[in-house]
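> File final-v3.txt below, compact mmCIF, C-alpha atoms and all ligand atoms:
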```txt
# COMPACT_ATOMS: atom_id res chain seq x y z
CA MET A 1 -12.75 -24.96 33.78
CA THR A 2 -9.08 -25.84 33.15
CA THR A 3 -6.13 -25.15 35.39
CA PRO A 4 -2.90 -23.75 33.95
CA SER A 5 -0.76 -26.62 32.71
CA HIS A 6 2.92 -26.89 31.91
CA SER A 7 2.14 -26.79 28.21
CA HIS A 8 0.11 -23.61 28.71
CA GLN A 9 3.06 -21.95 30.49
CA ALA A 10 5.45 -23.15 27.80
CA GLY A 11 3.07 -21.66 25.24
CA ASP A 12 3.08 -18.32 27.06
CA LEU A 13 6.87 -18.34 27.17
CA LEU A 14 7.04 -19.05 23.46
CA PHE A 15 4.55 -16.25 22.84
CA LEU A 16 6.69 -13.83 24.85
CA LYS A 17 9.83 -14.80 22.94
CA ARG A 18 7.91 -14.28 19.71
CA LEU A 19 6.77 -10.86 20.86
CA ASN A 20 10.32 -9.91 21.75
CA ARG A 21 11.60 -11.09 18.39
CA SER A 22 8.91 -9.15 16.59
CA ALA A 23 9.80 -6.02 18.63
CA ILE A 24 13.51 -6.44 17.83
CA LEU A 25 12.83 -7.04 14.15
CA ASN A 26 10.59 -4.00 13.98
CA LEU A 27 13.23 -1.75 15.55
CA VAL A 28 15.92 -2.94 13.13
CA ARG A 29 13.45 -2.44 10.28
CA ARG A 30 12.57 1.13 11.25
CA SER A 31 16.07 2.22 12.35
CA PRO A 32 18.66 0.30 10.35
CA GLY A 33 22.06 0.14 12.04
CA MET A 34 20.85 -0.19 15.65
CA THR A 35 23.04 -2.17 18.04
CA ARG A 36 21.88 -4.70 20.64
CA ALA A 37 22.39 -2.03 23.34
CA ASP A 38 20.24 0.50 21.41
CA ILE A 39 17.49 -2.09 21.09
CA ALA A 40 17.60 -2.97 24.80
CA THR A 41 17.16 0.71 25.68
CA GLN A 42 14.40 1.43 23.15
CA ALA A 43 12.40 -1.77 23.66
CA ARG A 44 12.98 -1.77 27.44
CA LEU A 45 14.21 -5.34 27.35
CA THR A 46 17.17 -6.84 29.23
CA LYS A 47 20.45 -7.22 27.37
CA ALA A 48 20.17 -11.01 27.74
CA THR A 49 16.69 -11.07 26.17
CA VAL A 50 17.85 -8.90 23.28
CA GLY A 51 21.01 -11.02 22.89
CA SER A 52 19.10 -14.28 22.53
CA GLY A 53 16.39 -12.72 20.32
CA VAL A 54 19.02 -11.24 17.99
CA GLN A 55 20.85 -14.57 17.89
CA LYS A 56 17.66 -16.37 16.80
CA LEU A 57 16.99 -13.74 14.10
CA LEU A 58 20.60 -14.02 12.84
CA GLU A 59 20.34 -17.82 12.70
CA ALA A 60 17.05 -17.64 10.79
CA GLU A 61 18.70 -15.12 8.39
CA TRP A 62 16.19 -12.33 9.06
CA ILE A 63 18.94 -9.89 10.03
CA VAL A 64 22.66 -9.49 9.44
CA GLU A 65 25.46 -7.89 11.43
CA GLY A 66 27.24 -4.90 9.94
CA GLU A 67 29.95 -2.46 10.94
CA LEU A 68 31.15 -1.89 14.52
CA GLN A 69 29.36 1.06 16.09
CA LYS A 70 30.81 3.24 18.86
CA SER A 71 28.60 3.55 21.91
CA ASN A 72 28.45 5.97 24.81
CA GLY A 73 30.69 4.49 27.51
CA GLY A 74 30.01 0.81 26.91
CA ARG A 75 31.67 -1.61 24.51
CA PRO A 76 31.16 -0.92 20.82
CA GLY A 77 28.40 -3.03 19.27
CA ARG A 78 27.67 -4.38 15.80
CA ALA A 79 25.14 -2.52 13.67
CA LEU A 80 22.15 -4.69 12.78
CA HIS A 81 20.36 -4.58 9.44
CA LEU A 82 17.59 -6.52 7.76
CA ASN A 83 18.87 -9.36 5.63
CA GLU A 84 17.99 -8.19 2.12
CA GLN A 85 19.12 -11.35 0.37
CA ARG A 86 17.10 -14.16 1.94
CA HIS A 87 13.36 -13.47 1.63
CA ALA A 88 10.91 -12.28 -1.02
CA LEU A 89 7.53 -10.63 -0.55
CA LEU A 90 5.22 -10.83 -3.55
CA GLY A 91 2.74 -8.10 -4.39
CA ALA A 92 0.33 -7.80 -7.32
CA GLU A 93 -2.18 -5.19 -8.36
CA VAL A 94 -5.20 -6.00 -10.48
CA GLY A 95 -5.85 -2.62 -12.10
CA VAL A 96 -8.69 -1.70 -14.40
CA HIS A 97 -6.30 -1.59 -17.36
CA GLY A 98 -3.51 -3.94 -16.35
CA LEU A 99 -1.67 -6.23 -13.97
CA ARG A 100 1.39 -5.04 -12.03
CA LEU A 101 3.62 -7.35 -10.03
CA VAL A 102 6.64 -6.96 -7.76
CA ALA A 103 8.93 -9.09 -5.66
CA CYS A 104 10.34 -7.06 -2.74
CA SER A 105 13.04 -7.50 -0.14
CA LEU A 106 12.28 -7.09 3.58
CA ALA A 107 13.13 -3.36 3.41
CA GLY A 108 10.73 -2.89 0.50
CA HIS A 109 13.29 -2.67 -2.28
CA ILE A 110 11.90 -4.00 -5.53
CA ILE A 111 13.94 -7.02 -6.63
CA HIS A 112 11.97 -7.52 -9.82
CA GLN A 113 8.85 -5.95 -11.36
CA GLN A 114 6.68 -6.71 -14.35
CA GLN A 115 3.41 -5.50 -15.83
CA MET A 116 0.98 -6.26 -18.61
CA ARG A 117 -1.74 -4.16 -20.18
CA LEU A 118 -5.21 -5.62 -20.10
CA VAL A 119 -8.66 -4.57 -21.25
CA PRO A 120 -11.19 -5.15 -18.43
CA THR A 121 -12.35 -8.76 -18.43
CA ALA A 122 -14.01 -11.34 -16.17
CA PRO A 123 -12.53 -12.33 -12.76
CA GLU A 124 -11.77 -15.91 -13.84
CA ALA A 125 -9.83 -14.86 -16.98
CA THR A 126 -7.96 -12.23 -14.95
CA ALA A 127 -7.01 -14.84 -12.31
CA VAL A 128 -5.60 -17.14 -15.02
CA LEU A 129 -3.46 -14.31 -16.45
CA LEU A 130 -2.26 -13.17 -13.02
CA ALA A 131 -1.29 -16.74 -12.09
CA GLU A 132 0.79 -16.98 -15.28
CA GLN A 133 2.49 -13.67 -14.50
CA LEU A 134 3.19 -14.75 -10.91
CA ARG A 135 4.75 -18.02 -12.08
CA GLU A 136 6.99 -16.01 -14.40
CA LEU A 137 7.94 -13.66 -11.54
CA LEU A 138 8.73 -16.58 -9.21
CA SER A 139 11.02 -18.18 -11.77
CA HIS A 140 13.06 -15.00 -12.33
CA PRO A 141 16.70 -15.66 -11.33
CA GLU A 142 16.69 -12.79 -8.78
CA VAL A 143 13.60 -14.23 -7.07
CA ALA A 144 13.71 -18.03 -7.52
CA HIS A 145 16.35 -18.76 -4.85
CA ARG A 146 14.60 -16.73 -2.14
CA CYS A 147 12.24 -17.90 0.58
CA CYS A 148 8.83 -16.47 -0.39
CA LEU A 149 6.88 -15.18 2.63
CA GLY A 150 3.59 -14.78 0.79
CA LEU A 151 1.50 -12.84 -1.67
CA GLY A 152 -0.59 -9.69 -1.33
CA VAL A 153 -3.09 -8.76 -4.03
CA ALA A 154 -4.43 -5.20 -4.44
CA VAL A 155 -7.79 -4.71 -6.19
CA PRO A 156 -9.77 -1.63 -7.33
CA GLY A 157 -12.71 -1.73 -4.93
CA PRO A 158 -13.77 -2.14 -1.30
CA ILE A 159 -13.00 -5.44 0.50
CA ALA A 160 -15.41 -7.06 2.96
CA PRO A 161 -14.00 -6.41 6.45
CA SER A 162 -14.12 -9.99 7.73
CA GLN A 163 -13.25 -12.06 4.66
CA PRO A 164 -11.14 -11.77 1.51
CA LEU A 165 -14.04 -10.83 -0.74
CA LEU A 166 -13.93 -7.98 -3.27
CA ARG A 167 -17.35 -6.42 -2.70
CA ARG A 168 -17.48 -4.34 -5.81
CA ALA A 169 -15.14 -3.02 -8.48
CA PRO A 170 -17.45 -0.60 -10.34
CA ASN A 171 -14.88 0.18 -13.05
CA LEU A 172 -14.39 -3.53 -13.82
CA GLY A 173 -18.06 -4.41 -13.42
CA TRP A 174 -17.20 -7.04 -10.77
CA ARG A 175 -19.35 -7.76 -7.72
CA ASP A 176 -18.70 -10.07 -4.71
CA VAL A 177 -15.64 -11.78 -6.16
CA PRO A 178 -13.58 -14.18 -3.97
CA PHE A 179 -10.56 -13.32 -6.11
CA LEU A 180 -7.92 -14.98 -3.90
CA GLU A 181 -9.82 -18.27 -4.06
CA LEU A 182 -9.99 -18.04 -7.86
CA LEU A 183 -6.29 -17.29 -8.03
CA ARG A 184 -5.37 -20.13 -5.67
CA THR A 185 -6.95 -22.73 -7.95
CA HIS A 186 -4.39 -21.70 -10.59
CA LEU A 187 -1.45 -21.42 -8.17
CA PRO A 188 -2.01 -24.26 -5.70
CA ASP A 189 1.68 -24.65 -4.85
CA LEU A 190 2.47 -21.04 -3.85
CA ASP A 191 3.02 -21.27 -0.09
CA GLY A 192 3.12 -18.52 2.49
CA LEU A 193 0.61 -15.98 3.61
CA TRP A 194 -2.02 -14.79 1.12
CA LEU A 195 -4.03 -11.62 1.50
CA MET A 196 -6.09 -9.18 -0.56
CA ASP A 197 -6.81 -5.50 -0.01
CA ASN A 198 -8.11 -2.42 -1.73
CA GLU A 199 -5.42 -0.82 -3.91
CA ALA A 200 -5.39 2.63 -2.26
CA LYS A 201 -5.31 1.11 1.22
CA ALA A 202 -2.46 -1.21 0.20
CA ALA A 203 -0.56 1.72 -1.33
CA ALA A 204 -1.06 3.85 1.81
CA PHE A 205 0.15 0.99 3.97
CA GLY A 206 3.31 0.41 1.93
CA GLU A 207 4.13 4.13 1.75
CA LEU A 208 4.15 4.25 5.56
CA TYR A 209 5.40 0.77 6.46
CA PHE A 210 8.59 0.80 4.40
CA ARG A 211 9.65 4.26 5.64
CA THR A 212 12.67 4.42 7.93
CA GLY A 213 13.77 7.15 10.31
CA ASN A 214 11.19 9.92 10.60
CA VAL A 215 7.88 8.14 9.96
CA PRO A 216 4.70 10.30 9.79
CA THR A 217 2.07 9.80 12.52
CA SER A 218 -0.54 9.18 9.86
CA LEU A 219 -0.51 9.07 6.08
CA ALA A 220 -3.23 9.29 3.44
CA TYR A 221 -2.64 7.98 -0.05
CA VAL A 222 -4.82 9.32 -2.85
CA SER A 223 -4.95 7.04 -5.86
CA ALA A 224 -6.03 9.02 -8.92
CA GLY A 225 -6.35 6.67 -11.87
CA THR A 226 -9.28 5.13 -13.72
CA GLY A 227 -11.19 5.66 -10.46
CA ILE A 228 -10.32 7.71 -7.39
CA GLY A 229 -9.79 6.16 -3.98
CA SER A 230 -7.81 6.80 -0.83
CA GLY A 231 -6.35 4.94 2.09
CA VAL A 232 -5.45 6.23 5.54
CA VAL A 233 -2.93 4.54 7.84
CA GLU A 234 -2.16 5.43 11.45
CA ASN A 235 1.41 4.64 12.45
CA GLY A 236 2.19 2.42 15.42
CA HIS A 237 4.06 -0.79 16.25
CA ASP A 238 1.58 -2.49 13.89
CA PRO A 239 0.20 0.35 11.69
CA LEU A 240 -3.57 0.43 11.35
CA ILE A 241 -5.60 1.04 8.18
CA THR A 242 -8.90 2.88 8.65
CA ARG A 243 -11.57 0.63 7.10
CA GLY A 244 -15.07 1.43 8.34
CA VAL A 245 -17.75 -1.12 9.09
CA GLN A 246 -18.26 -2.16 5.43
CA GLY A 247 -14.76 -1.40 4.18
CA LEU A 248 -15.94 1.84 2.56
CA ALA A 249 -13.72 4.29 4.50
CA GLY A 250 -11.61 6.22 2.01
CA GLU A 251 -13.90 5.76 -1.01
CA ILE A 252 -13.57 9.47 -1.78
CA GLY A 253 -14.34 8.93 -5.46
CA HIS A 254 -17.96 8.32 -4.48
CA THR A 255 -18.35 11.32 -2.23
CA ILE A 256 -20.76 13.75 -3.88
CA LEU A 257 -19.28 16.94 -5.28
CA GLN A 258 -22.19 17.88 -7.54
CA PRO A 259 -25.67 16.89 -6.26
CA GLY A 260 -27.88 15.88 -9.20
CA GLY A 261 -24.86 15.77 -11.51
CA LEU A 262 -23.88 13.05 -13.99
CA TYR A 263 -24.42 9.36 -13.25
CA CYS A 264 -21.46 7.52 -11.74
CA HIS A 265 -20.53 3.84 -12.30
CA CYS A 266 -21.72 3.20 -8.72
CA GLY A 267 -25.28 4.31 -9.60
CA ASN A 268 -25.34 7.60 -7.69
CA ARG A 269 -25.23 11.04 -9.30
CA GLY A 270 -22.56 13.71 -9.01
CA CYS A 271 -19.83 11.56 -7.41
CA ALA A 272 -16.29 12.99 -7.50
CA GLU A 273 -15.42 10.36 -10.14
CA THR A 274 -17.86 11.95 -12.59
CA LEU A 275 -15.56 15.02 -12.52
CA VAL A 276 -12.10 13.63 -11.85
CA SER A 277 -11.23 10.07 -12.87
CA GLY A 278 -9.62 8.40 -15.84
CA TRP A 279 -13.01 7.15 -17.01
CA SER A 280 -14.80 10.53 -16.85
CA ILE A 281 -11.91 12.31 -18.61
CA ARG A 282 -12.00 9.61 -21.32
CA ALA A 283 -15.76 10.02 -21.68
CA ALA A 284 -15.55 13.82 -21.85
CA LEU A 285 -12.83 13.78 -24.50
CA GLY A 286 -13.88 10.70 -26.50
CA ILE A 287 -10.84 8.52 -25.73
CA GLY A 288 -11.41 4.75 -25.96
CA GLU A 289 -10.41 2.11 -23.38
CA GLU A 290 -7.89 0.55 -25.75
CA GLU A 291 -5.80 3.73 -25.83
CA SER A 292 -3.53 4.98 -23.04
CA LEU A 293 -5.11 8.17 -21.64
CA VAL A 294 -1.75 9.84 -21.01
CA GLU A 295 -0.46 9.09 -24.52
CA ALA A 296 -3.74 10.16 -26.15
CA LEU A 297 -3.59 13.56 -24.41
CA GLN A 298 0.09 14.27 -25.04
CA SER A 299 -0.55 15.62 -28.53
CA ARG A 300 -3.70 17.50 -27.46
CA GLN A 301 -2.30 19.66 -24.62
CA HIS A 302 -3.37 22.94 -26.31
CA ASP A 303 -6.83 21.77 -27.34
CA PRO A 304 -9.32 24.07 -25.46
CA ASP A 305 -11.59 21.09 -24.65
CA VAL A 306 -8.68 19.25 -23.06
CA GLU A 307 -7.62 22.35 -21.09
CA MET A 308 -11.14 22.91 -19.77
CA THR A 309 -11.78 19.25 -18.90
CA LEU A 310 -8.47 18.92 -17.06
CA ARG A 311 -8.94 22.23 -15.22
CA ARG A 312 -12.37 21.13 -13.97
CA ALA A 313 -10.97 17.74 -13.02
CA GLY A 314 -8.07 19.45 -11.21
CA GLU A 315 -10.42 21.69 -9.25
CA ALA A 316 -12.42 18.60 -8.21
CA LEU A 317 -9.19 16.89 -7.13
CA GLY A 318 -8.28 19.95 -5.04
CA THR A 319 -11.71 19.79 -3.39
CA LEU A 320 -11.16 16.11 -2.58
CA LEU A 321 -7.76 16.85 -1.03
CA LEU A 322 -9.29 19.61 1.08
CA ASN A 323 -12.17 17.37 2.19
CA LEU A 324 -9.72 14.63 3.12
CA HIS A 325 -7.66 17.13 5.12
CA HIS A 326 -10.72 18.23 7.08
CA THR A 327 -12.21 14.75 7.61
CA MET A 328 -9.07 12.70 8.38
CA ASN A 329 -6.35 15.33 8.98
CA PRO A 330 -3.38 13.08 8.09
CA SER A 331 0.15 14.35 8.79
CA GLU A 332 1.14 13.58 5.20
CA ILE A 333 -0.76 13.11 1.94
CA VAL A 334 0.78 11.13 -0.91
CA LEU A 335 -0.77 11.60 -4.34
CA GLY A 336 -0.27 8.88 -6.93
CA GLY A 337 -2.04 7.17 -9.81
CA SER A 338 -1.83 7.51 -13.58
CA LEU A 339 -3.63 10.90 -13.65
CA VAL A 340 -0.55 12.51 -12.05
CA GLN A 341 1.18 12.02 -15.42
CA LEU A 342 -1.32 14.44 -17.00
CA GLY A 343 0.88 17.14 -15.44
CA PRO A 344 0.26 20.80 -14.59
CA LEU A 345 -2.99 21.13 -16.57
CA LEU A 346 -4.61 18.85 -13.97
CA LEU A 347 -2.31 19.28 -10.96
CA SER A 348 -1.91 23.06 -10.80
CA PRO A 349 -5.59 23.88 -10.18
CA ALA A 350 -5.74 21.04 -7.61
CA LEU A 351 -2.65 22.14 -5.68
CA ASP A 352 -3.49 25.86 -5.88
CA TYR A 353 -6.93 25.25 -4.40
CA PHE A 354 -5.61 22.96 -1.66
CA GLU A 355 -2.80 25.31 -0.72
CA ALA A 356 -5.02 28.39 -0.63
CA ASN A 357 -7.78 26.86 1.51
CA GLN A 358 -6.29 24.28 3.87
CA ASN A 359 -5.49 26.71 6.72
CA ARG A 360 -8.60 28.87 6.70
CA LEU A 361 -10.26 27.09 9.64
CA LEU A 362 -7.35 27.25 12.09
CA GLY A 363 -5.67 30.33 10.68
CA THR A 364 -2.23 28.67 10.72
CA THR A 365 0.41 28.97 8.02
CA GLN A 366 1.99 25.52 8.07
CA GLN A 367 1.17 23.51 4.96
CA VAL A 368 0.35 19.80 5.16
CA LYS A 369 3.14 17.71 3.69
CA LEU A 370 2.02 16.67 0.22
CA LYS A 371 4.16 14.28 -1.79
CA ILE A 372 3.42 13.69 -5.47
CA LEU A 373 4.62 10.43 -7.00
CA ASP A 374 5.64 10.92 -10.63
CA ASP A 375 5.67 7.18 -11.14
CA SER A 376 3.36 5.17 -8.91
CA THR A 377 3.01 2.17 -11.24
CA PHE A 378 4.05 -0.38 -8.62
CA VAL A 379 3.04 1.45 -5.42
CA ALA A 380 -0.10 -0.61 -4.73
CA ALA A 381 1.62 -3.93 -5.54
CA ARG A 382 4.53 -3.00 -3.27
CA GLY A 383 2.05 -1.96 -0.57
CA ALA A 384 0.33 -5.35 -0.75
CA ALA A 385 3.77 -6.94 -0.31
CA ALA A 386 4.32 -4.71 2.76
CA GLN A 387 1.07 -6.03 4.21
CA VAL A 388 2.40 -9.58 3.89
CA LEU A 389 5.49 -8.64 5.91
CA ALA A 390 3.40 -6.86 8.55
CA ARG A 391 1.14 -9.90 8.90
CA VAL A 392 4.19 -12.15 9.35
CA ILE A 393 5.89 -9.85 11.89
CA HIS A 394 2.83 -8.84 13.90
CA GLY A 395 0.41 -11.66 13.19
CA SER A 396 -0.21 -14.90 15.03
CA VAL A 397 1.90 -17.10 12.74
CA ASP A 398 5.46 -17.79 13.92
CA ILE A 399 8.28 -15.96 12.15
CA PRO A 400 9.58 -18.63 9.76
ZN ZN B 501 -19.99 6.92 -7.50
```
Do you think you could lay out the structure here as structure tokens?
Ligand SMILES: [Zn+2]

Amino acid sequence: MTTPSHSHQAGDLLFLKRLNRSAILNLVRRSPGMTRADIATQARLTKATVGSGVQKLLEAEWIVEGELQKSNGGRPGRALHLNEQRHALLGAEVGVHGLRLVACSLAGHIIHQQQMRLVPTAPEATAVLLAEQLRELLSHPEVAHRCCLGLGVAVPGPIAPSQPLLRRAPNLGWRDVPFLELLRTHLPDLDGLWLMDNEAKAAAFGELYFRTGNVPTSLAYVSAGTGIGSGVVENGHDPLITRGVQGLAGEIGHTILQPGGLYCHCGNRGCAETLVSGWSIRAALGIGEEESLVEALQSRQHDPDVEMTLRRAGEALGTLLLNLHHTMNPSEIVLGGSLVQLGPLLLSPALDYFEANQNRLLGTTQQVKLKILDDSTFVAARGAAAQVLARVIHGSVDIP
């Protein structure tokens, strides 16, 4: 048994200062323009503690001082904002049909973005291509001079809960891939924090984490692309993603909507993806992987086969939204993914069904907030970048 030593106490003190700094940083992040006095009130810290914490964050260039703010009674104080010029957060999404990359500022603004189309290939070849793209991103003039805090990678499948292992990406045909390890061998000199997460979970996280002002209590992101997935995040000081014991929570594409129906890429029959997913719509309408689904359907909007396939897919999407509402009951649902671009033929039946049935159980009239993203190309990549920031602010590593 050890007795408390001086170094232990010094460690505790350092820990406390770190906690205070993380609390201050989080308040400035969520409510830009706060003064030191506002922070002291909200975080229940003394003015002296806030003063020294803010000083440290100013010196390390995490925050900047802005305009003079009037205050009630006391002396006016300087507004505090995140420093948008100093750091970069990198995010990348490995999609079934392409790579998408962003460099973000601390507030989640995209400094630079790039993408490349890709036909599904092996993990190793994908890692080589992503490493090349990341090197290009890092050398961009808007990014190169910044301090890079780390890299988040979003992938289309469930992640093992205790290690960065992609368990399965059924639409890529990948199984148990340590993708970050593969990538690191091609980018050995990229410092900072590295992490990997499921694309819908990353997107959900970013949609909530980069919000300012009125942040929803919980948010579900539905990613409707080649496959269908979802992520649910509960807000808090350090927002929490619902994962489940095997990382399967949110895999709504593999919930069964049609027992005994068509075979899914996962091996089961009648999964939601057999009715509504990029791959099942392609299969139903004979559109190859090398073509863009949205472009291929643009000229076929009045084709009865297209109308029927998209209506059925839309109804299945509406069912998924309703099931998500009744199983997770998030305060806001955000719908993104490439299928959104298929427009009213797909979305109208989905939204009509969801709107008409969501309040039957409780008999209320208030509709759940549903936000549809017309362009969600970089949402998962940006979300993975948000996870890097969260890990730096709330994690055990010191704020650099
Ligand atoms: Zn399935």
> Name each residue within 9 Å of ligand ZN 501 (chain B), counting all atoms listed in the file, as a list in words.
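After applying the 9 Å limit, what remains is Pro170, Glu251, Ile252, Gly253, His254, Thr255, Ile256, Tyr263, Cys264, His265, Cys266, Gly267, Asn268, Arg269, Gly270, Cys271, Ala272, Glu273 and Thr274 of chain A.
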> Excluding same-chain residues fewer than 2 positions from A:Glu307, what lies within 12 Å of it counting all atoms listed in the file, as a PyMOL selection string?
chain A and resi 281+284-285+297-298+300-305+309-314+342-349
> Return as a Markdown table the residues of stretch 224-275 of chain A lying at most 10 Å from stretch 85-105 of chain A, together with the closest atom-to-atom pair for each and the distance in Å to one decimal, counting all atoms listed in the file, with rows in chain order and ascending residue number.

```
| residue | atom | partner | partner_atom | distance |
| --- | --- | --- | --- | --- |
| A:Gly225 | CA | A:Val96 | CA | 9.1 |
| A:Thr226 | CA | A:Val96 | CA | 6.9 |
| A:Gly227 | CA | A:Val96 | CA | 8.7 |
```
> Calculate how many Å separate atom CA of A:Ala386 from atom CA of A:Asn323, rounding to one decimal.
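Value for the atom CA of A:Ala386-atom CA of A:Asn323 distance: 27.6 Å.
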> For A:Asp38, which residue out of A:Thr327, A:Gln69, A:Asn198, A:Gln258 is the nearest one, using only C-alpha atoms?
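Looking only at the distances to A:Asp38, the closest residue turns out to be A:Gln69.
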> Rounded to one decimal in Å, what is the spacing between atom CA of A:Glu142 and atom CA of A:Val128?
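Going from atom CA of A:Glu142 over to atom CA of A:Val128 covers 23.6 Å.
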> Kindly indicate which residue among A:Asp352, A:Ala107, A:Glu67, A:Ala384 lies nearest to A:Gly318, using only C-alpha atoms for the distances.
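For A:Gly318, the nearest of the candidates is A:Asp352.
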> With only C-alpha atoms as the atoms that count, which of A:Leu68, A:Val222, A:Val334, A:Leu373 lies nearest to A:Leu317?
A:Val222
> Between atom CA of A:Glu289 and atom CA of A:Leu187, what distance in Å does the model show, to one decimal?
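Those two atoms sit 29.4 Å apart.
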> Can you work out which one of A:Ala154, A:Met308, A:Leu361, A:Leu134 has the shortest atom-to-atom distance to A:His186, counting only C-alpha atoms?
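Closest to A:His186, using only C-alpha atoms: A:Leu134.
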> Counting only C-alpha atoms, which of A:Gly33, A:Gly231, A:Gly288, A:Pro120 gets nearest to A:Ala202?
A:Gly231
> Would you list the contacts of A:Glu181 as a PyMOL selection string, taking every protein, DNA or RNA residue within 12 Å and counting only C-alpha atoms, but skipping same-chain residues closer than 3 positions in sequence?
chain A and resi 123-124+127-128+131+153+163-166+177-178+184-188+194-196
> Taking all atoms of stretch 125-137 of chain A that the file lists, what box with edges along x, y and z, padded by 6 Å per side, do you get, with centre and edge lengths in Å to one decimal, as lines of an AutoDock Vina configuration file?

```
center_x = -0.9
center_y = -15.1
center_z = -13.9
size_x = 29.8
size_y = 17.8
size_z = 18.1
```
> I'd like the contact shell of A:Leu82 - 9 Å cut-off, all atoms listed in the file, skipping same-chain residues fewer than 3 positions apart - returned as JSON, numbers by chain.
{"A": [25, 28, 29, 32, 61, 62, 63, 64, 65, 85, 106, 107]}
